[in-house]
Every structure is written in C-alpha cells, then in structure tokens.
Amino acid sequence: MQNHLESNVIRRVMVGSDRSETADQAVHWVAGFADRYDAELFVVQVVVPQYPSATEFGEAEQTRAAADNNELAHFARQVAGDRGHARVVIDADPALAIVRAAEQEAVDVLVVGNFGMAGRKEFLLGNIPNRISHSAHCTVIIVNTAHSTGEHASDSVRAHLSNDTSPFEPPLVARATHIAAVMAKHGLTELFGQSNEPDMSIRHQRAKRLRAALEELGPIFSKLGQVLSTRPDLLPVEYIEELALLQSRVPPMTESEVVRVSEQELGVPWEDVFKSIDPKPLAAGTIAQVHRATLESGDRVVVKVQRPTARADIEQDLALLEVFAEKVGKRPALNQVIDMEAVFKHLSTSLHRELDFRQEADNIGRMQAVLADYDRLAVPRVHRDLSTSRLLVMEEIQGIPIKQAPAGPERIQAARQLLESYYKQIIVDGFFHADPHPGNLMWWKDCIYFLDFGMVGAVGADLREHLLLMLMALWQEDAGFLTDVTLMMTSAVNSSDLDVARFQSEIGEVMAKYRTASLAEMQIGPLLQEMSAVSLRHGVPLPASLTLAIKALAQVQLATAELDPALDPYDVAGKYLIRLMVKRMGTALNPKTFLYQSQKLKVRVLRVVEAVENLVGVRPGGPKLVVNFRANSLEDIVRHTGRRLTLGLIAAASVLTSGLTATSTVVAEWVPITFGVVAGLLTLGLVIDLLRGR
C-alpha cells in the first residue's frame with residue numbers, strides 16, 4: 001500500500017469522524033499522514049437527521065450542524081494547521097455521504113476508522129468502512145482504532161483455547177477448578193461417594209442442587225442439562241423434571257461479533273447481501289443468536305449466527321467432561337444415579353451436531369418432504385446459497401403463536417394434521433421434530449410452521465413396527481398385547497427377574513386411567529410417558545430414540561389441544577392406522593412386490609426345509625434326530641392342519657381383495673361381490689372342517 005501511494009501524487013486527504021475518542025485517534029493519525037505528503041486535510045462529519053428538514057426540529061438540527069461545522073474546522077486547524085478543513089453533512093446514510101463528500105472535494109485518499117460511528121441505531125460496526133471501500137473511487141485506508149487491550153486480547157485468548165489439545169493446560173485447569181468449586185458449593189460431591197441409594201426425597205433435593213450448579217457454571221452446562229432432560233433412560237425422573245426447568249442465561253453477541261462471523265462465512269461485506277439487519281436479536285442462545293434481516297432482493301429473512309467462541313467453549317468443557325467420565329464415571333454410587341459414559345457420548349454427539357448449521361438446513365429439507373401431504377403444515381425456506389456451517393439464512397415466518405390462530409375450519413384442520421403428522425413422522429418416516437413446544441410452532445398463511453430444527457429424532461425400522469403395534473394395542477385397549485410389545489421393544493421378553501404379571505397390571509392401570517379421562521385429557525403422549533416411567537421402575541427402560549419420540553408426541557398433543565380442545569387423539573390415531581395398514585396391504589398386492597416377497601418366502605422355506613433335513617438325518621453327513629412318536633395319526637394331523645391353513649389364508653386374501661376393490665372407481669361392481677362370496681364360502685368350509693375334526 002505504501003509503495004502504491006508513494007508512486008502517486010497525494011494532494012488531498014479526507015478522514016471521516018463523529019468526534020468520538022476513537023475517531024479523533026484516526027484524525028490525528030491522518031494528520032501525520034497528510035503532513036508527510038504535504039497534502040490538504042479534510043475532516044468530514046455526518047449527522048444523521050432525526051426530523052424532516054422542513055419542520056421546526058429539522059431546522060434546529062441544521063442550525064446545530066452549522067455550529068458543529070465551526071467547531072470541527074477549529075479542530076482540523078489544530079491538528080493540520082492552515083491545511084486543515086472541515087465539513088459537516090446532514091444525511092441519513094453516513095457511508096454514502098462520506099463518499100459523495102470525497103468526490104466533491106476530489107480527494108486522493110479517504111481514511112475511515114474501523115470502530116463505527118456513534119449515534120446510529122442500526123448495524124454499522126464494520127458497515128460504514130466496508131461500504132465506503134466498495135463505493136469510493138479513490139484510495140481508501142481503514143485505520144484500526146480499537147483498544148489494544150480489549151478486543152485483540154480476547155481474540156488471542158480464544159485462539160489459545162481453540163488450539164489447546166491438552167486437558168491439563170492452565171485454562172482448562174482453571175476451568176476444572178472452578179467446576180469443582182461450584183459442585184462442592186452446591187453439595188454435589190456426595191454423588192461420587194460410596195453411600196447407599198438415596199430415597200426419592202433426597203434424590204429430589206440433589207436434583208435441585210444439580211440444576212442450580214449447572215446454571216451457575218454457565219451456558220454450556222445449562223445446555224448439558226437441557227439435553228439430558230430429554231433422556232429419562234439415563235437419569236432418574238426427579239433429575240429429568242428439574243433439568244427441564246433450566247434456562248440458558250447468555251448475554252447477546254455484540255454487533256461487531258455478528259458482523260465479523262457473517263462476513264467470514266459470506267466471504268463478502270454483509271451489506272453486499274443484506275439490505276438491513278435488525279440489531280435487536282430475536283433470540284440469544286448458548287450456540288447461536290438469531291436476527292431479523294432483509295436481503296438486497298427485498299426478501300425478509302432470519303439469520304442464525306454462531307457465536308465466535310461457541311466451538312472452542314464447547315470443546316473445552318467436553319474435554320473436561322470426558323476426563324471426568326473416565327475418572328469417576330465407573331464409581332458404583334455415581335452409576336446408581338447417572339450413566340456418565342452414556343451421558344458424555346450423547347452430549348458430545350448432540351452438541352457437535354448443533355454446531356454445524358448445514359445439518360439443520362438438511363433437517364428442514366427432509367421435513368419439507370415428510371410434510372408434503374399436509375396442506376396446513378409447512379417449514380421455512382432455506383437460502384442454501386447463503387448458508388454455511390456457522391450461518392443459516394431462512395425465510396422469516398411473519399406469523400403469530402398458534403394459540404392465537406383465528407377460529408375457523410383452517411385451525412381445526414391444522415390441529416388434526418399436526419397430530420397425524422407426528423404419527424407419520426415417528427411411525428412411517430422415522431424422522432421427527434423433537435422439540436415442538438409452542439414457541440417453535442407459528443401460525444402464518446393459514447398454516448402451522450415448524451421452527452428450530454436443531455433437535456430432531458430418528459426411529460429405526462424395527463422400533464417403528466413395534467410402536468405401530470403399541471398404538472394399535474392402545475387403540476383396542478389390549479393391556480396384555482401392549483405388555484408383550486413393550487417387552488419386545490426392550491428385549492426383555494425372557495427376562496427372569498421381571499415380574500410380568502405386576503408389569504402388565506401397572507400398564508393396564510395407566511391405560512385405563514387415560515381411556516376413562518375426559519376428551520380434553522385423553523392424550524396418547526402423556527400416556528406413553530407414564531408407560532415409559534413404569535418400564536423404568538421395572539428395570540426395562542424403553543429405547544432412547546423412543547423416549548425422545550414420546551416426549552415430542554406429548555408436547556405436540558398439548559399444542560393440538562390448544563388449537564382444538566375437542567380433538568380425540570385416539571380417533572386420529574385409529575383412522576390413520578387404518579389408512580396406513582390398507583396402504584401397506586395395497587402395496588403388498590402390487591404384482592412386482594408380490595412376486596418379490598413370494599421369492600423371498602420361497603428361499604426362506606427352502607432354507608428351513610434344508611435345516612430340518614439336516615437335523616433329522618435325511619442329508620448325509622448331518623446330525624441325526626431320532627424321535628419316537630406314539631401318535632399313529634401324525635400324517636393326518638399335518639394334512640388337516642395344512643388344509644385348514646390354506647383355506648384360512650385364501651379366505652383372508654379374498655376378504656381383503658373385496659374391501660380394496662369395493663373402494664376403487666375403476667373396478668366393475670361384480671368384482672368385489674365375487675370376492676366377497678368366495679370369502680364367505682371358504683370361511684364356511686373352514687368352519688365345517690373344524691367342526692368335523694372335533
């Protein structure tokens with residue numbers, strides 16, 4: 001830069017000032033610069049008008065500006081002698097005003113400070129210097145006027161922490177000492193002793209103290225508690241209830257931090273992309289902060305910006321937790337309360353996922369496909385070209401809380417679709433929004449919009465099948481079958497330590513409690529939550545993914561109750577299950593699917609036959625099974641059983657085909673009637689055969 005400047009004639013230099021301390025620093029630096037080249041120095045100050053110029057207050061502003069001009073001229077002569085000049089301009093856009101002033105004075109070099117200008121109520125830190133550098137036609141120099149002991153010192157500390165790989169470096173040791181002190185202060189060190197399992201009241205007191213300690217330890221530990229509040233399989237219910245009350249109290253990011261992260265991710269000055277950004281955050285969390293903004297295209301968006309130190313802070317505390325889990329996590333007394341190894345693994349995975357905003361963007365896209373069949377449900381549109389791992393730009397949902405949705409058929413339809421969509425998300429797609437509290441559901445354009453996809457859940461195929469059976473058992477009030485399905489889910493069908501009769505009795509009591517409740521209290525989500533608690537008491541906790549799904553279902557049912565108190569969740573579940581089963585049967589009757597499944601069945605039958613042949617010694621070289629049968633009619637029994645099984649299967653297929661063709665508009669009327677008659681005859685034949693065989 002210096003060689004370039006020296007190769008050109010510099011006759012006029014201009015510097016922007018708002019008469020703040022930092023701006024005066026820039027003026028003194030520029031005065032020395034201008035003196036070196038024996039150049040004229042122009043000091044320009046921009047006053048942002050607060051009132052229209054034609055009003056009385058506007059005229060007063062112009063009078064004050066004239067007085068300011070005299071004062072500024074005196075200051076310019078003080079620092080630059082006779083070569084010092086001043087100019088005060090009234091303009092709503094300081095950046096463009098400075099550029100125009102530079103053009104009018106034909107300056108060769110324009111200098112601005114990087115600490116912004118006082119008196120503005122918009123995003124300007126980083127804005128004015130960048131806009132000037134992009135708009136001016138002369139050389140622009142941006143002078144660093146920040147205090148050396150402030151921002152830069154904190155940056156060096158953050159750099160040190162982010163590059164720290166040893167858990168025993170001084171910053172981590174200090175942090176560990178602080179954590180230990182807070183734990184001791186709240187009396188939590190007793191968790192790590194060898195005391196016997198405390199009773200419920202003592203555990204409740206400890207849970208309260210744990211919540212207080214996590215809040216005192218700061219945002220990362222509050223986030224830890226919030227994440228763990230979704231895992232009743234890892235913590236006792238007393239701890240889950242307390243941790244759910246945790247609030248992350250974090251100060252908002254400064255404007256300069258928001259601008260710096262945005263420009264690092266965009267690769268260009270933020271004003272090249274955004275027309276404006278609201279300086280007041282919509283939300284400030286542990287990991288990120290959200291602001292309203294307007295794109296240059298005029299589209300209204302929300303911008304989620306990651307805190308500059310979020311990753312370093314999280315990695316530091318995770319390193320400490322990992323050491324803690326290794327050192328004390330295996331102590332018996334602690335394991336009675338917390339599975340530290342599982343806690344650390346779950347927390348680490350969850351936080352690292354939330355640090356990458358691209359995953360949240362992918363979640364939004366996936367949910368959009370899941371909700372495609374519902375015209376009253378939607379998700380925000382993501383601006384993929386502007387989004388990165390630390391910056392997420394989405395359509396602004398300009399709506400209202402769902403409980404304020406206007407009465408009408410749209411609201412009733414949306415309530416039913418919202419509840420049904422969760423059955424679909426969990427049972428069919430295995431992918432669901434895991435935090436559907438009222439703050440994350442907005443009413444806009446007669447639709448419910450899902451917000452905040454930082455927390456989603458996944459349910460495997462086998463577990464989805466079990467959950468489908470569980471909902472069917474609930475729908476039919478079959479406590480015995482519900483118990484069997486629950487035990488299959490937990491892989492505890494053959495557990496010798498489980499009192500199955502007592503377990504079934506408690507499950508039945510929970511089911512009866514909710515089935516006899518009033519319509520407004522008839523909630524499947526809370527019912528499943530109580531079932532999960534029963535399972536925990538009997539030592540057979542439900543899978544973690546299912547407990548998260550149950551919590552989400554409970555939350556969404558509270559939301560639907562606000563939208564439509566008369567909605568019967570069992571009716572919604574039952575009708576959806578019927579449609580789902582019919583759809584699956586229809587898929588099974590598809591010729592291609594039927595052929596594929598029949599070939600799979602053929603292969604499996606052949607393998608069973610081969611295994612039996614090997615077992616009974618028909619195949620040479622295999623083990624031989626010798627069985628002495630006393631019954632002389634075994635062959636007759638097998639033949640009769642096979643005939644009855646065949647009759648039953650064909651009759652069932654005929655009934656199904658009759659029902660499916662009866663709802664079709666392209667099939668002749670005689671087709672379902674014929675299948676119905678065939679099904680009746682086969683069923684009658686089966687009944688006669690059974691009676692004759694008695």
# chains A, B, ... in the order shown; residues from 1 in each chain; ligands from 1
call {"tool": "select_by_dssp", "arguments": {"residues": "stretch 276-465 of chain A", "states": "alpha helix (DSSP H)", "output": "ChimeraX atom specification"}}
result
/A:310-328,332-335,340-355,357-370,409-423,461-465
call {"tool": "residues_around", "arguments": {"residues": "stretch 498-515 of chain A", "least_positions_apart": "4", "cutoff": "8 Å", "atoms": "only C-alpha atoms", "output": "MDAnalysis selection string"}}
result
chainID A and resid 474 477 479:480 482:483 521:523 527 530:531 534:535 538:539
call {"tool": "write_last_selection", "arguments": {"atoms": "C-alpha atoms", "output": "compact mmCIF listing (two decimals), in the first residue's frame"}}
result
# COMPACT_ATOMS: atom_id res chain seq x y z
CA LEU A 474 -53.73 -48.76 22.91
CA GLU A 477 -57.36 -51.30 24.93
CA ALA A 479 -53.20 -54.42 28.01
CA GLY A 480 -51.85 -57.93 27.52
CA LEU A 482 -49.38 -53.88 24.91
CA THR A 483 -47.24 -55.54 27.59
CA GLU A 521 -57.37 -35.06 28.90
CA MET A 522 -57.29 -38.02 26.52
CA GLN A 523 -53.67 -37.68 25.43
CA LEU A 527 -49.92 -41.95 28.42
CA GLU A 530 -46.25 -42.83 32.06
CA MET A 531 -45.67 -46.19 30.38
CA VAL A 534 -43.41 -47.83 34.51
CA SER A 535 -40.80 -49.53 32.33
CA HIS A 538 -39.24 -52.38 36.41
CA GLY A 539 -35.71 -52.12 35.05
call {"tool": "residues_around", "arguments": {"residues": "A:Val112", "least_positions_apart": "2", "cutoff": "6 Å", "atoms": "only C-alpha atoms", "output": "list in words"}}
result
Val15, Gly16 and Ile142 of chain A
call {"tool": "select_by_dssp", "arguments": {"residues": "stretch 305-517 of chain A", "states": "strand (DSSP E or B)", "output": "PyMOL selection string"}}
result
chain A and resi 305-306+377-378+382+391-395+400-401+431-433+441-444+447-450+456-458
call {"tool": "write_last_selection", "arguments": {"atoms": "N, CA, C and O atoms", "output": "mmCIF file, in the first residue's frame"}}
result
data_model
loop_
_atom_site.group_PDB
_atom_site.id
_atom_site.type_symbol
_atom_site.label_atom_id
_atom_site.label_comp_id
_atom_site.auth_asym_id
_atom_site.auth_seq_id
_atom_site.Cartn_x
_atom_site.Cartn_y
_atom_site.Cartn_z
ATOM 1 N N VAL A 305 -26.696 -16.825 13.568
ATOM 2 C CA VAL A 305 -25.245 -16.618 13.547
ATOM 3 C C VAL A 305 -24.627 -17.335 14.749
ATOM 4 O O VAL A 305 -25.053 -17.136 15.889
ATOM 5 N N GLN A 306 -23.619 -18.142 14.493
ATOM 6 C CA GLN A 306 -22.971 -18.880 15.573
ATOM 7 C C GLN A 306 -22.025 -17.967 16.352
ATOM 8 O O GLN A 306 -21.329 -17.123 15.777
ATOM 9 N N LEU A 377 -49.500 -27.624 7.034
ATOM 10 C CA LEU A 377 -48.230 -27.695 7.744
ATOM 11 C C LEU A 377 -47.107 -27.303 6.796
ATOM 12 O O LEU A 377 -47.140 -27.644 5.603
ATOM 13 N N ALA A 378 -46.100 -26.584 7.304
ATOM 14 C CA ALA A 378 -45.017 -26.128 6.436
ATOM 15 C C ALA A 378 -43.761 -25.861 7.259
ATOM 16 O O ALA A 378 -43.785 -25.864 8.498
ATOM 17 N N VAL A 382 -35.103 -22.351 3.147
ATOM 18 C CA VAL A 382 -33.703 -22.064 3.468
ATOM 19 C C VAL A 382 -33.003 -21.479 2.245
ATOM 20 O O VAL A 382 -33.159 -21.986 1.131
ATOM 21 N N LEU A 391 -23.548 -20.119 9.644
ATOM 22 C CA LEU A 391 -24.517 -19.089 9.273
ATOM 23 C C LEU A 391 -25.691 -19.760 8.572
ATOM 24 O O LEU A 391 -25.503 -20.496 7.602
ATOM 25 N N LEU A 392 -26.899 -19.508 9.073
ATOM 26 C CA LEU A 392 -28.099 -20.091 8.486
ATOM 27 C C LEU A 392 -29.076 -18.969 8.166
ATOM 28 O O LEU A 392 -29.450 -18.196 9.045
ATOM 29 N N VAL A 393 -29.451 -18.875 6.897
ATOM 30 C CA VAL A 393 -30.363 -17.826 6.437
ATOM 31 C C VAL A 393 -31.655 -18.494 5.975
ATOM 32 O O VAL A 393 -31.633 -19.323 5.063
ATOM 33 N N MET A 394 -32.767 -18.121 6.617
ATOM 34 C CA MET A 394 -34.053 -18.755 6.330
ATOM 35 C C MET A 394 -35.128 -17.695 6.107
ATOM 36 O O MET A 394 -35.002 -16.554 6.564
ATOM 37 N N GLU A 395 -36.178 -18.108 5.447
ATOM 38 C CA GLU A 395 -37.359 -17.261 5.283
ATOM 39 C C GLU A 395 -37.903 -16.860 6.654
ATOM 40 O O GLU A 395 -37.986 -17.683 7.567
ATOM 41 N N ILE A 400 -47.923 -15.618 14.009
ATOM 42 C CA ILE A 400 -48.291 -15.429 15.410
ATOM 43 C C ILE A 400 -48.236 -16.789 16.101
ATOM 44 O O ILE A 400 -48.222 -17.835 15.435
ATOM 45 N N PRO A 401 -48.181 -16.820 17.441
ATOM 46 C CA PRO A 401 -48.232 -18.110 18.139
ATOM 47 C C PRO A 401 -49.500 -18.879 17.777
ATOM 48 O O PRO A 401 -50.555 -18.283 17.532
ATOM 49 N N PHE A 431 -38.355 -40.069 11.310
ATOM 50 C CA PHE A 431 -37.645 -38.793 11.427
ATOM 51 C C PHE A 431 -38.641 -37.758 11.913
ATOM 52 O O PHE A 431 -39.677 -37.545 11.284
ATOM 53 N N PHE A 432 -38.358 -37.102 13.039
ATOM 54 C CA PHE A 432 -39.346 -36.198 13.612
ATOM 55 C C PHE A 432 -38.684 -34.991 14.257
ATOM 56 O O PHE A 432 -37.523 -35.041 14.685
ATOM 57 N N HIS A 433 -39.446 -33.890 14.298
ATOM 58 C CA HIS A 433 -39.040 -32.678 15.013
ATOM 59 C C HIS A 433 -39.156 -32.993 16.499
ATOM 60 O O HIS A 433 -40.234 -33.303 16.993
ATOM 61 N N LEU A 441 -43.723 -23.390 17.088
ATOM 62 C CA LEU A 441 -44.847 -23.582 16.160
ATOM 63 C C LEU A 441 -45.528 -22.227 15.951
ATOM 64 O O LEU A 441 -46.014 -21.626 16.891
ATOM 65 N N MET A 442 -45.556 -21.763 14.707
ATOM 66 C CA MET A 442 -46.122 -20.448 14.396
ATOM 67 C C MET A 442 -47.259 -20.577 13.387
ATOM 68 O O MET A 442 -47.247 -21.473 12.524
ATOM 69 N N TRP A 443 -48.248 -19.679 13.510
ATOM 70 C CA TRP A 443 -49.394 -19.660 12.598
ATOM 71 C C TRP A 443 -49.193 -18.541 11.580
ATOM 72 O O TRP A 443 -49.052 -17.383 11.938
ATOM 73 N N TRP A 444 -49.168 -18.908 10.290
ATOM 74 C CA TRP A 444 -48.954 -17.926 9.225
ATOM 75 C C TRP A 444 -49.553 -18.476 7.934
ATOM 76 O O TRP A 444 -49.364 -19.653 7.608
ATOM 77 N N CYS A 447 -51.466 -21.716 8.005
ATOM 78 C CA CYS A 447 -50.674 -22.934 8.177
ATOM 79 C C CYS A 447 -49.905 -22.876 9.493
ATOM 80 O O CYS A 447 -49.652 -21.796 10.031
ATOM 81 N N ILE A 448 -49.522 -24.052 9.970
ATOM 82 C CA ILE A 448 -48.616 -24.152 11.113
ATOM 83 C C ILE A 448 -47.207 -24.358 10.567
ATOM 84 O O ILE A 448 -46.957 -25.298 9.813
ATOM 85 N N TYR A 449 -46.297 -23.470 10.965
ATOM 86 C CA TYR A 449 -44.909 -23.579 10.534
ATOM 87 C C TYR A 449 -44.051 -24.121 11.680
ATOM 88 O O TYR A 449 -44.129 -23.634 12.806
ATOM 89 N N PHE A 450 -43.237 -25.118 11.375
ATOM 90 C CA PHE A 450 -42.279 -25.650 12.335
ATOM 91 C C PHE A 450 -41.017 -24.779 12.298
ATOM 92 O O PHE A 450 -40.506 -24.474 11.220
ATOM 93 N N VAL A 456 -33.663 -32.952 16.319
ATOM 94 C CA VAL A 456 -34.551 -33.883 15.631
ATOM 95 C C VAL A 456 -34.274 -35.278 16.167
ATOM 96 O O VAL A 456 -33.238 -35.537 16.785
ATOM 97 N N GLY A 457 -35.206 -36.184 15.925
ATOM 98 C CA GLY A 457 -35.056 -37.556 16.386
ATOM 99 C C GLY A 457 -35.183 -38.538 15.241
ATOM 100 O O GLY A 457 -35.755 -38.231 14.191
ATOM 101 N N ALA A 458 -34.630 -39.732 15.446
ATOM 102 C CA ALA A 458 -34.710 -40.797 14.444
ATOM 103 C C ALA A 458 -35.142 -42.087 15.128
ATOM 104 O O ALA A 458 -34.704 -42.390 16.245
#
call {"tool": "closest_atom_pairs", "arguments": {"of": "stretch 58-91 of chain A", "to": "stretch 17-27 of chain A", "cutoff": "10 Å", "atoms": "only C-alpha atoms", "output": "tab-separated table"}}
result
residue	atom	partner	partner_atom	distance
A:Leu72	CA	A:Arg19	CA	8.4
A:Phe75	CA	A:Asp24	CA	9.6
A:Ala76	CA	A:Val27	CA	8.4
A:Val79	CA	A:Val27	CA	8.0
A:Ala80	CA	A:Val27	CA	9.6
A:Val88	CA	A:Ser17	CA	9.7
call {"tool": "atom_distance", "arguments": {"atom1": "atom CA of A:Glu562", "atom2": "atom CA of A:Met472"}}
result
25.4 Å
call {"tool": "decode", "arguments": {"residues": "stretch 76-100 of chain A", "atoms": "N, CA and C atoms", "output": "compact mmCIF listing (two decimals), in the first residue's frame"}}
result
# COMPACT_ATOMS: atom_id res chain seq x y z
N ALA A 76 -9.79 20.82 13.08
CA ALA A 76 -8.97 20.46 11.92
C ALA A 76 -7.74 21.36 11.82
N ARG A 77 -7.89 22.63 12.12
CA ARG A 77 -6.75 23.54 12.07
C ARG A 77 -5.77 23.25 13.20
N GLN A 78 -6.31 22.74 14.33
CA GLN A 78 -5.43 22.39 15.44
C GLN A 78 -4.49 21.25 15.06
N VAL A 79 -4.99 20.28 14.35
CA VAL A 79 -4.19 19.09 14.05
C VAL A 79 -3.42 19.23 12.74
N ALA A 80 -3.87 20.12 11.81
CA ALA A 80 -3.21 20.20 10.50
C ALA A 80 -2.83 21.61 10.09
N GLY A 81 -3.02 22.59 10.95
CA GLY A 81 -2.65 23.96 10.62
C GLY A 81 -3.54 24.53 9.52
N ASP A 82 -2.91 25.36 8.66
CA ASP A 82 -3.70 26.01 7.60
C ASP A 82 -4.20 25.01 6.55
N ARG A 83 -3.60 23.82 6.55
CA ARG A 83 -4.05 22.81 5.57
C ARG A 83 -5.28 22.05 6.06
N GLY A 84 -5.78 22.35 7.23
CA GLY A 84 -6.93 21.65 7.78
C GLY A 84 -8.25 22.30 7.41
N HIS A 85 -9.20 21.49 6.95
CA HIS A 85 -10.52 21.97 6.57
C HIS A 85 -11.58 21.04 7.19
N ALA A 86 -12.81 21.53 7.28
CA ALA A 86 -13.89 20.74 7.90
C ALA A 86 -15.16 20.83 7.09
N ARG A 87 -15.97 19.78 7.25
CA ARG A 87 -17.25 19.77 6.55
C ARG A 87 -18.23 18.90 7.33
N VAL A 88 -19.36 19.48 7.73
CA VAL A 88 -20.42 18.73 8.43
C VAL A 88 -21.58 18.55 7.47
N VAL A 89 -22.04 17.30 7.32
CA VAL A 89 -23.10 16.97 6.36
C VAL A 89 -24.25 16.31 7.12
N ILE A 90 -25.47 16.72 6.80
CA ILE A 90 -26.67 16.06 7.36
C ILE A 90 -27.16 15.05 6.33
N ASP A 91 -27.11 13.78 6.70
CA ASP A 91 -27.51 12.73 5.75
C ASP A 91 -27.90 11.48 6.53
N ALA A 92 -28.92 10.78 6.04
CA ALA A 92 -29.39 9.56 6.71
C ALA A 92 -28.46 8.38 6.44
N ASP A 93 -27.60 8.47 5.44
CA ASP A 93 -26.69 7.38 5.09
C ASP A 93 -25.25 7.88 5.22
N PRO A 94 -24.58 7.68 6.35
CA PRO A 94 -23.23 8.20 6.56
C PRO A 94 -22.22 7.71 5.53
N ALA A 95 -22.31 6.46 5.15
CA ALA A 95 -21.33 5.90 4.21
C ALA A 95 -21.37 6.63 2.87
N LEU A 96 -22.57 6.74 2.29
CA LEU A 96 -22.69 7.42 1.00
C LEU A 96 -22.39 8.90 1.11
N ALA A 97 -22.73 9.51 2.24
CA ALA A 97 -22.43 10.93 2.44
C ALA A 97 -20.93 11.18 2.41
N ILE A 98 -20.16 10.30 3.06
CA ILE A 98 -18.70 10.45 3.06
C ILE A 98 -18.14 10.25 1.66
N VAL A 99 -18.67 9.26 0.93
CA VAL A 99 -18.20 9.01 -0.44
C VAL A 99 -18.48 10.23 -1.33
N ARG A 100 -19.69 10.80 -1.21
CA ARG A 100 -20.04 11.97 -2.03
C ARG A 100 -19.15 13.17 -1.68
